[in-house]
file start03.tsv (TSV, C-alpha atoms)
chain	number	residue	atom	x	y	z
A	25	MET	CA	83.27	-45.72	-30.02
A	26	THR	CA	83.85	-47.26	-33.42
A	27	MET	CA	86.46	-49.93	-33.46
A	28	GLY	CA	87.69	-52.31	-36.08
A	29	PRO	CA	90.23	-52.67	-38.85
A	30	THR	CA	89.30	-49.34	-40.47
A	31	THR	CA	89.07	-47.35	-37.26
A	32	THR	CA	91.10	-44.19	-36.85
A	33	PHE	CA	91.22	-42.65	-33.39
A	34	ALA	CA	91.81	-38.96	-32.81
A	35	ALA	CA	94.76	-39.31	-30.47
A	36	PRO	CA	95.66	-36.46	-28.15
A	37	ALA	CA	99.26	-35.35	-28.44
A	38	ASN	CA	100.15	-35.41	-24.75
A	39	GLU	CA	101.92	-38.30	-23.04
A	40	ASP	CA	100.23	-41.60	-22.26
A	41	PRO	CA	97.94	-41.11	-19.25
A	42	THR	CA	98.45	-43.77	-16.59
A	43	MET	CA	97.31	-44.52	-13.06
A	44	ASN	CA	98.86	-46.54	-10.29
A	45	ASP	CA	97.94	-50.19	-10.86
A	46	GLU	CA	99.27	-51.51	-7.58
A	47	HIS	CA	96.01	-50.90	-5.74
A	48	PHE	CA	93.09	-53.19	-6.66
A	49	LEU	CA	89.92	-51.12	-7.10
A	50	ILE	CA	86.54	-52.21	-5.74
A	51	VAL	CA	83.88	-50.24	-7.60
A	52	GLY	CA	80.40	-50.13	-6.04
A	53	HIS	CA	78.26	-50.71	-9.14
A	54	ARG	CA	75.46	-48.13	-8.85
A	55	GLY	CA	76.38	-48.15	-5.15
A	56	VAL	CA	75.94	-51.44	-3.30
A	57	SER	CA	73.01	-52.12	-5.58
A	58	GLY	CA	72.69	-55.75	-4.50
A	59	LEU	CA	71.44	-54.58	-1.08
A	60	ALA	CA	69.79	-51.18	-1.69
A	61	PRO	CA	68.04	-49.37	-4.57
A	62	GLU	CA	70.64	-48.45	-7.18
A	63	HIS	CA	71.77	-44.83	-7.47
A	64	THR	CA	70.22	-43.75	-4.16
A	65	ILE	CA	71.96	-42.37	-1.07
A	66	PRO	CA	71.52	-45.61	0.98
A	67	SER	CA	73.16	-47.57	-1.85
A	68	TYR	CA	76.08	-45.11	-1.99
A	69	ASP	CA	76.42	-45.00	1.82
A	70	LEU	CA	77.05	-48.76	1.83
A	71	VAL	CA	80.08	-48.50	-0.48
A	72	LYS	CA	82.41	-47.06	2.15
A	73	GLU	CA	80.85	-49.22	4.86
A	74	GLN	CA	81.69	-52.31	2.78
A	75	LYS	CA	85.22	-51.07	2.04
A	76	GLY	CA	84.62	-50.19	-1.60
A	77	ASN	CA	87.05	-47.73	-3.23
A	78	TYR	CA	84.77	-46.02	-5.74
A	79	ILE	CA	81.10	-45.11	-5.95
A	80	GLU	CA	79.90	-45.65	-9.50
A	81	VAL	CA	77.55	-42.90	-10.67
A	82	ASP	CA	75.75	-43.00	-14.03
A	83	ILE	CA	74.61	-39.51	-14.97
A	84	GLN	CA	71.66	-38.28	-16.99
A	85	MET	CA	70.63	-34.67	-17.61
A	86	THR	CA	67.24	-33.12	-16.86
A	87	LYS	CA	65.23	-30.80	-19.08
A	88	ASP	CA	66.65	-27.83	-17.13
A	89	GLY	CA	70.24	-29.03	-17.46
A	90	LYS	CA	70.84	-30.62	-14.04
A	91	LEU	CA	72.91	-33.80	-13.71
A	92	VAL	CA	71.15	-36.60	-11.84
A	93	ALA	CA	72.21	-40.12	-10.90
A	94	MET	CA	70.33	-42.73	-12.92
A	95	HIS	CA	71.39	-45.59	-15.15
A	96	ASP	CA	68.63	-45.51	-17.74
A	97	THR	CA	67.75	-42.60	-20.00
A	98	THR	CA	64.15	-43.30	-18.97
A	99	LEU	CA	62.46	-43.09	-15.58
A	100	ASP	CA	60.35	-46.23	-15.87
A	101	ARG	CA	62.52	-48.99	-14.39
A	102	THR	CA	63.74	-47.35	-11.17
A	103	THR	CA	61.06	-44.77	-10.32
A	104	ASP	CA	57.29	-44.45	-10.40
A	105	GLY	CA	57.62	-42.01	-13.33
A	106	THR	CA	57.55	-42.72	-17.05
A	107	GLY	CA	59.34	-41.27	-20.05
A	108	GLU	CA	62.73	-39.73	-20.79
A	109	VAL	CA	64.77	-38.05	-18.05
A	110	ARG	CA	65.54	-35.18	-20.44
A	111	ASP	CA	61.83	-34.36	-20.80
A	112	TYR	CA	61.41	-33.53	-17.09
A	113	THR	CA	62.76	-30.75	-14.88
A	114	LEU	CA	64.71	-31.54	-11.75
A	115	GLU	CA	61.79	-30.36	-9.64
A	116	GLU	CA	59.52	-32.87	-11.38
A	117	ILE	CA	62.04	-35.72	-11.01
A	118	LYS	CA	62.45	-34.92	-7.30
A	119	GLN	CA	58.75	-35.78	-6.80
A	120	LEU	CA	59.35	-39.36	-7.90
A	121	ASP	CA	59.84	-42.44	-5.72
A	122	ALA	CA	63.19	-44.08	-6.56
A	123	GLY	CA	63.14	-46.79	-3.89
A	124	SER	CA	59.84	-48.66	-3.70
A	125	TRP	CA	60.51	-50.65	-6.86
A	126	PHE	CA	63.45	-52.34	-5.08
A	127	ASN	CA	61.27	-53.45	-2.15
A	128	GLU	CA	58.75	-54.93	-4.57
A	129	ALA	CA	61.43	-56.67	-6.65
A	130	TYR	CA	63.47	-57.96	-3.68
A	131	PRO	CA	61.14	-58.47	-0.71
A	132	GLU	CA	63.86	-60.37	1.19
A	133	LYS	CA	66.06	-57.22	1.08
A	134	ALA	CA	63.25	-54.69	1.52
A	135	LYS	CA	63.42	-51.85	4.04
A	136	ALA	CA	60.67	-49.39	4.85
A	137	SER	CA	63.23	-46.59	4.62
A	138	TYR	CA	63.71	-47.31	0.90
A	139	ASN	CA	60.15	-46.25	0.11
A	140	GLY	CA	60.02	-42.72	-1.27
A	141	LEU	CA	63.75	-42.25	-1.81
A	142	GLU	CA	64.63	-39.35	-4.10
A	143	VAL	CA	66.73	-39.37	-7.26
A	144	PRO	CA	69.96	-37.63	-6.13
A	145	THR	CA	71.68	-34.93	-8.16
A	146	LEU	CA	75.40	-35.28	-8.79
A	147	GLU	CA	75.93	-32.11	-6.77
A	148	GLU	CA	74.06	-33.56	-3.79
A	149	ILE	CA	76.31	-36.63	-3.98
A	150	PHE	CA	79.44	-34.45	-3.97
A	151	GLN	CA	78.03	-32.38	-1.10
A	152	ARG	CA	77.37	-35.52	0.95
A	153	TYR	CA	80.68	-37.34	0.48
A	154	GLY	CA	83.10	-34.66	-0.76
A	155	LYS	CA	86.71	-35.82	-0.75
A	156	ASP	CA	85.90	-38.71	1.61
A	157	ALA	CA	84.88	-40.74	-1.44
A	158	ASN	CA	86.08	-41.52	-4.94
A	159	TYR	CA	83.67	-41.41	-7.86
A	160	TYR	CA	83.59	-43.51	-11.03
A	161	ILE	CA	81.27	-41.47	-13.26
A	162	GLU	CA	79.79	-42.54	-16.58
A	163	THR	CA	78.90	-39.99	-19.25
A	164	LYS	CA	76.37	-40.93	-21.84
A	165	SER	CA	76.64	-40.11	-25.55
A	166	PRO	CA	77.31	-36.43	-26.25
A	167	ASP	CA	74.50	-36.37	-28.82
A	168	VAL	CA	71.94	-37.38	-26.18
A	169	TYR	CA	72.96	-34.70	-23.67
A	170	PRO	CA	74.89	-31.86	-25.32
A	171	GLY	CA	76.92	-29.94	-22.74
A	172	MET	CA	76.98	-32.77	-20.20
A	173	GLU	CA	80.79	-32.94	-20.08
A	174	GLU	CA	81.16	-29.21	-19.39
A	175	LYS	CA	78.61	-29.35	-16.57
A	176	LEU	CA	80.33	-32.39	-15.06
A	177	LEU	CA	83.74	-30.72	-15.09
A	178	GLU	CA	82.33	-27.51	-13.59
A	179	LEU	CA	81.01	-29.53	-10.64
A	180	LEU	CA	84.26	-31.45	-10.21
A	181	GLU	CA	86.15	-28.17	-10.11
A	182	LYS	CA	83.66	-26.58	-7.71
A	183	TYR	CA	84.16	-29.43	-5.21
A	184	ASN	CA	87.92	-29.76	-5.84
A	185	LEU	CA	87.63	-33.36	-6.96
A	186	ASP	CA	89.80	-32.99	-10.07
A	187	GLY	CA	93.42	-33.36	-9.01
A	188	VAL	CA	96.45	-31.96	-10.78
A	189	ASN	CA	97.10	-35.36	-12.38
A	190	GLU	CA	95.53	-38.79	-12.77
A	191	GLN	CA	96.88	-39.97	-9.42
A	192	SER	CA	95.41	-37.15	-7.34
A	193	SER	CA	91.95	-37.16	-8.92
A	194	HIS	CA	88.99	-38.27	-6.81
A	195	VAL	CA	87.18	-39.29	-9.96
A	196	ILE	CA	87.49	-41.63	-12.93
A	197	ILE	CA	85.36	-40.79	-15.97
A	198	GLN	CA	84.07	-43.76	-17.97
A	199	SER	CA	82.03	-43.92	-21.15
A	200	PHE	CA	81.12	-46.19	-24.04
A	201	SER	CA	81.36	-43.04	-26.15
A	202	GLN	CA	84.91	-42.39	-27.31
A	203	GLU	CA	83.70	-38.98	-28.46
A	204	SER	CA	82.58	-38.11	-24.93
A	205	LEU	CA	85.90	-39.24	-23.42
A	206	LEU	CA	87.94	-37.26	-25.95
A	207	LYS	CA	85.82	-34.23	-25.15
A	208	VAL	CA	86.54	-34.62	-21.42
A	209	HIS	CA	90.23	-35.17	-22.22
A	210	ASP	CA	90.26	-31.96	-24.25
A	211	LEU	CA	88.59	-30.01	-21.43
A	212	ASN	CA	90.82	-31.45	-18.70
A	213	PRO	CA	93.72	-33.72	-19.75
A	214	ASN	CA	94.48	-34.56	-16.10
A	215	LEU	CA	91.33	-36.60	-15.48
A	216	PRO	CA	91.74	-40.39	-15.72
A	217	LEU	CA	89.44	-41.92	-18.34
A	218	VAL	CA	88.22	-45.48	-18.84
A	219	GLN	CA	86.93	-46.69	-22.20
A	220	LEU	CA	83.98	-49.03	-21.70
A	221	LEU	CA	83.58	-51.98	-24.05
A	222	TRP	CA	80.45	-54.01	-24.66
A	223	TYR	CA	80.46	-57.12	-26.74
A	224	GLU	CA	77.37	-59.12	-27.55
A	225	PRO	CA	77.69	-62.01	-29.97
A	226	GLY	CA	75.31	-61.45	-32.86
A	227	GLU	CA	75.23	-61.31	-36.63
A	228	ASN	CA	78.77	-61.44	-38.03
A	229	GLY	CA	80.01	-61.55	-34.45
A	230	LYS	CA	79.43	-57.81	-34.07
A	231	TYR	CA	77.31	-55.82	-31.67
A	232	VAL	CA	76.04	-52.48	-32.92
A	233	GLU	CA	74.26	-49.88	-30.80
A	234	ASP	CA	74.26	-46.12	-31.12
A	235	LYS	CA	77.02	-46.44	-33.70
A	236	ASN	CA	79.29	-48.06	-31.10
A	237	ILE	CA	80.88	-51.15	-32.59
A	238	THR	CA	83.16	-53.28	-30.48
A	239	PRO	CA	84.95	-56.11	-32.23
A	240	SER	CA	84.82	-59.51	-30.65
A	241	PRO	CA	87.62	-59.95	-28.10
A	242	SER	CA	89.41	-62.31	-30.50
A	243	GLU	CA	89.36	-59.64	-33.24
A	244	MET	CA	90.51	-56.84	-30.98
A	245	THR	CA	94.16	-56.16	-31.69
A	246	LYS	CA	96.98	-54.71	-29.67
A	247	GLY	CA	96.67	-51.75	-32.04
A	248	ASP	CA	93.07	-51.16	-30.94
A	249	LEU	CA	94.18	-51.14	-27.31
A	250	GLU	CA	97.15	-48.88	-28.11
A	251	GLU	CA	94.71	-46.31	-29.55
A	252	ILE	CA	92.66	-46.42	-26.35
A	253	ASP	CA	95.88	-46.13	-24.34
A	254	LYS	CA	96.54	-42.72	-25.92
A	255	TYR	CA	93.69	-41.07	-24.01
A	256	ALA	CA	92.55	-43.57	-21.35
A	257	VAL	CA	94.08	-45.17	-18.26
A	258	GLY	CA	92.05	-48.33	-18.66
A	259	ILE	CA	89.17	-50.34	-20.07
A	260	GLY	CA	86.00	-51.75	-18.55
A	261	MET	CA	84.23	-54.62	-20.27
A	262	ASN	CA	81.31	-57.00	-19.91
A	263	TYR	CA	83.25	-60.19	-19.26
A	264	ARG	CA	80.18	-62.41	-19.74
A	265	TYR	CA	77.20	-62.36	-22.08
A	266	ASP	CA	74.20	-64.59	-21.39
A	267	GLY	CA	76.33	-66.42	-18.86
A	268	GLU	CA	79.07	-67.23	-21.37
A	269	LEU	CA	82.60	-65.93	-20.85
A	270	ILE	CA	83.57	-63.64	-23.71
A	271	TYR	CA	86.94	-62.27	-22.57
A	272	ASP	CA	89.83	-64.37	-21.41
A	273	GLU	CA	93.16	-64.19	-19.63
A	274	SER	CA	95.09	-63.45	-22.82
A	275	PHE	CA	92.97	-60.36	-23.57
A	276	ILE	CA	93.52	-59.00	-20.07
A	277	GLY	CA	97.23	-59.79	-20.47
A	278	LEU	CA	97.34	-57.78	-23.71
A	279	ALA	CA	95.80	-54.76	-21.98
A	280	ARG	CA	98.11	-55.09	-18.98
A	281	GLU	CA	101.18	-55.14	-21.27
A	282	LEU	CA	100.20	-51.54	-22.11
A	283	ASP	CA	99.68	-50.74	-18.41
A	284	LEU	CA	95.96	-50.26	-19.02
A	285	LEU	CA	93.80	-50.83	-15.97
A	286	VAL	CA	91.25	-53.60	-16.54
A	287	HIS	CA	87.90	-53.34	-14.73
A	288	PRO	CA	85.41	-56.05	-15.75
A	289	TYR	CA	81.70	-55.58	-15.00
A	290	THR	CA	79.50	-56.66	-13.23
A	291	VAL	CA	81.13	-59.33	-11.05
A	292	ASN	CA	78.92	-60.76	-8.32
A	293	SER	CA	80.00	-64.37	-7.77
A	294	GLU	CA	83.02	-65.29	-5.68
A	295	ALA	CA	84.13	-67.83	-8.31
A	296	ASP	CA	84.25	-65.13	-11.00
A	297	MET	CA	85.96	-62.69	-8.66
A	298	ASP	CA	88.69	-65.29	-8.01
A	299	MET	CA	89.01	-66.14	-11.71
A	300	LEU	CA	89.34	-62.49	-12.81
A	301	LEU	CA	91.84	-61.77	-10.04
A	302	ASP	CA	93.91	-64.72	-11.28
A	303	TRP	CA	93.69	-63.35	-14.82
A	304	GLY	CA	95.14	-60.02	-13.72
A	305	ALA	CA	92.13	-57.68	-13.47
A	306	THR	CA	93.13	-54.52	-11.59
A	307	GLY	CA	89.63	-53.80	-10.29
A	308	MET	CA	86.00	-54.86	-10.73
A	309	PHE	CA	82.51	-53.44	-10.74
A	310	THR	CA	80.29	-55.35	-8.31
A	311	ASN	CA	76.87	-55.08	-6.69
A	312	TYR	CA	78.41	-56.54	-3.52
A	313	ALA	CA	81.46	-54.48	-2.52
A	314	GLY	CA	81.87	-56.29	0.80
A	315	LYS	CA	82.08	-59.70	-0.85
A	316	LEU	CA	84.69	-58.45	-3.34
A	317	PHE	CA	86.70	-56.91	-0.51
A	318	GLU	CA	86.82	-60.28	1.26
A	319	VAL	CA	87.76	-62.20	-1.87
A	320	SER	CA	90.46	-59.73	-2.93
A	321	HIS	CA	91.99	-59.65	0.57
A	322	HIS	CA	92.27	-63.42	1.10

call {"tool": "encode", "arguments": {"input": "start03.tsv", "output": "structure tokens"}}
result
Amino acid sequence: MTMGPTTTFAAPANEDPTMNDEHFLIVGHRGVSGLAPEHTIPSYDLVKEQKGNYIEVDIQMTKDGKLVAMHDTTLDRTTDGTGEVRDYTLEEIKQLDAGSWFNEAYPEKAKASYNGLEVPTLEEIFQRYGKDANYYIETKSPDVYPGMEEKLLELLEKYNLDGVNEQSSHVIIQSFSQESLLKVHDLNPNLPLVQLLWYEPGENGKYVEDKNITPSPSEMTKGDLEEIDKYAVGIGMNYRYDGELIYDESFIGLARELDLLVHPYTVNSEADMDMLLDWGATGMFTNYAGKLFEVSHH
């Protein structure tokens, strides 16, 4: 995603995609990752138990082209493996322990059953929950995993999770990569898409990574949001950086004027949940779905 005064977006010709904004969405960030190892079955199981609406699934692709649930492109942080996901086959990744790190990092939340957990494939997740769950799936940059979007859509079709329109879909596709979202939109214009934004104050107030440039919230214009509105139903943004608030009520108001959904990430304190609800957020990513359910149903 390249955004700024000189940006031109390739806008699809079909009508503005929208989703119902009456229903506040509780998105289990990597599952209920505050209580169980992220992107594992126990973490996903807790989402429904804690009244979350969506299971967030970050996908990576193995050497043999299988989609697996993992946030990082590398194995090091959340397994006992090392190196890039794309350099290993699914069989090799299935040998890894994706749970013990959590017990070591959070002894007060540790459970013996977390030791030795496997990295789940996206297909295994669909097989387990089917249409009883909703999925908020993030694609990574198309240049990192060519063909990822096609494989994702094949699986969604196989398990009948892609509805005939945005409202009936069991899935929302999110990405920082505008290119990836436009590719999904081209393959299936009925899937609801969310453009992720990341802002990190730095030199000249810009944050640059993988050619994704997001202007500071104060520089982002209604025009920028109108371009996103041509292919996406909403935006997701990091509302804080290093503890400092970087988006405000007026920015959320601007997005809501266009009927864009607004899903800040990652919201774990009750005070911030209350503040963002007051500002008009239509959903939030959280590591504690149960807490957000309580706050949003006061």

call {"tool": "residues_near_point", "arguments": {"input": "start03.tsv", "point": "(81.5, -30.6, -4.3)", "cutoff": "9 Å", "atoms": "all atoms listed in the file", "output": "ChimeraX atom specification"}}
result
/A:146-155,179-185

call {"tool": "closest_residue", "arguments": {"input": "start03.tsv", "among": "A:Thr310, A:Asn189, A:Ser240, A:Ser199", "to": "Met43 of chain A", "atoms": "all atoms listed in the file"}}
result
A:Asn189

call {"tool": "atom_distance", "arguments": {"input": "start03.tsv", "atom1": "atom CA of Val286 of chain A", "atom2": "atom CA of Ala313 of chain A"}}
result
17.1 Å

call {"tool": "atom_distance", "arguments": {"input": "start03.tsv", "atom1": "atom CA of Asn212 of chain A", "atom2": "atom CA of Ser165 of chain A"}}
result
18.0 Å

call {"tool": "atom_distance", "arguments": {"input": "start03.tsv", "atom1": "atom CA of Asn77 of chain A", "atom2": "atom CA of Gly307 of chain A"}}
result
9.7 Å

call {"tool": "residues_around", "arguments": {"input": "start03.tsv", "residues": "Ser204 of chain A", "least_positions_apart": "2", "cutoff": "8 Å", "atoms": "only C-alpha atoms", "output": "VMD selection string"}}
result
chain A and resid 163 to 166 173 199 201 to 202 206 to 208

call {"tool": "closest_residue", "arguments": {"input": "start03.tsv", "among": "A:Gly277, A:Gly171, A:Gly260, A:Gly76", "to": "Leu221 of chain A", "atoms": "only C-alpha atoms"}}
result
A:Gly260

call {"tool": "residues_around", "arguments": {"input": "start03.tsv", "residues": "Thr103 of chain A", "least_positions_apart": "3", "cutoff": "8 Å", "atoms": "all atoms listed in the file", "output": "number ranges by chain"}}
result
A: 99-100, 106, 120-125

call {"tool": "closest_residue", "arguments": {"input": "start03.tsv", "among": "A:Glu294, A:Glu162, A:Glu128, A:Asp248", "to": "Leu91 of chain A", "atoms": "all atoms listed in the file"}}
result
A:Glu162

call {"tool": "residues_around", "arguments": {"input": "start03.tsv", "residues": "Gln84 of chain A", "least_positions_apart": "5", "cutoff": "10 Å", "atoms": "all atoms listed in the file", "output": "ChimeraX atom specification"}}
result
/A:89-98,108-110,145-146,162-164,168-169,172

call {"tool": "closest_residue", "arguments": {"input": "start03.tsv", "among": "A:Ala295, A:Ile196, A:Glu251, A:Glu73", "to": "Leu282 of chain A", "atoms": "all atoms listed in the file"}}
result
A:Glu251

call {"tool": "residues_around", "arguments": {"input": "start03.tsv", "residues": "Asp45 of chain A", "least_positions_apart": "4", "cutoff": "8 Å", "atoms": "all atoms listed in the file", "output": "PDB file with C-alpha atoms, in the coordinates of the input"}}
result
ATOM      1  CA  ASP A 283      99.680 -50.740 -18.410  1.00  0.00           C
ATOM      2  CA  LEU A 285      93.800 -50.830 -15.970  1.00  0.00           C
ATOM      3  CA  THR A 306      93.130 -54.520 -11.590  1.00  0.00           C
TER       4      THR A 306
END

call {"tool": "residues_around", "arguments": {"input": "start03.tsv", "residues": "His209 of chain A", "least_positions_apart": "5", "cutoff": "10 Å", "atoms": "only C-alpha atoms", "output": "compact mmCIF listing (two decimals) with C-alpha atoms, keeping the file's coordinate frame"}}
result
# COMPACT_ATOMS: atom_id res chain seq x y z
CA PRO A 36 95.66 -36.46 -28.15
CA GLU A 173 80.79 -32.94 -20.08
CA ILE A 197 85.36 -40.79 -15.97
CA GLU A 203 83.70 -38.98 -28.46
CA SER A 204 82.58 -38.11 -24.93
CA ASN A 214 94.48 -34.56 -16.10
CA LEU A 215 91.33 -36.60 -15.48
CA PRO A 216 91.74 -40.39 -15.72
CA LEU A 217 89.44 -41.92 -18.34
CA TYR A 255 93.69 -41.07 -24.01
CA ALA A 256 92.55 -43.57 -21.35

call {"tool": "closest_residue", "arguments": {"input": "start03.tsv", "among": "A:Ser274, A:Gln219, A:Gln119, A:Ser192", "to": "Leu249 of chain A", "atoms": "only C-alpha atoms"}}
result
A:Gln219

call {"tool": "closest_residue", "arguments": {"input": "start03.tsv", "among": "A:Leu70, A:Ile117, A:Met85, A:Leu278", "to": "Gly105 of chain A", "atoms": "only C-alpha atoms"}}
result
A:Ile117
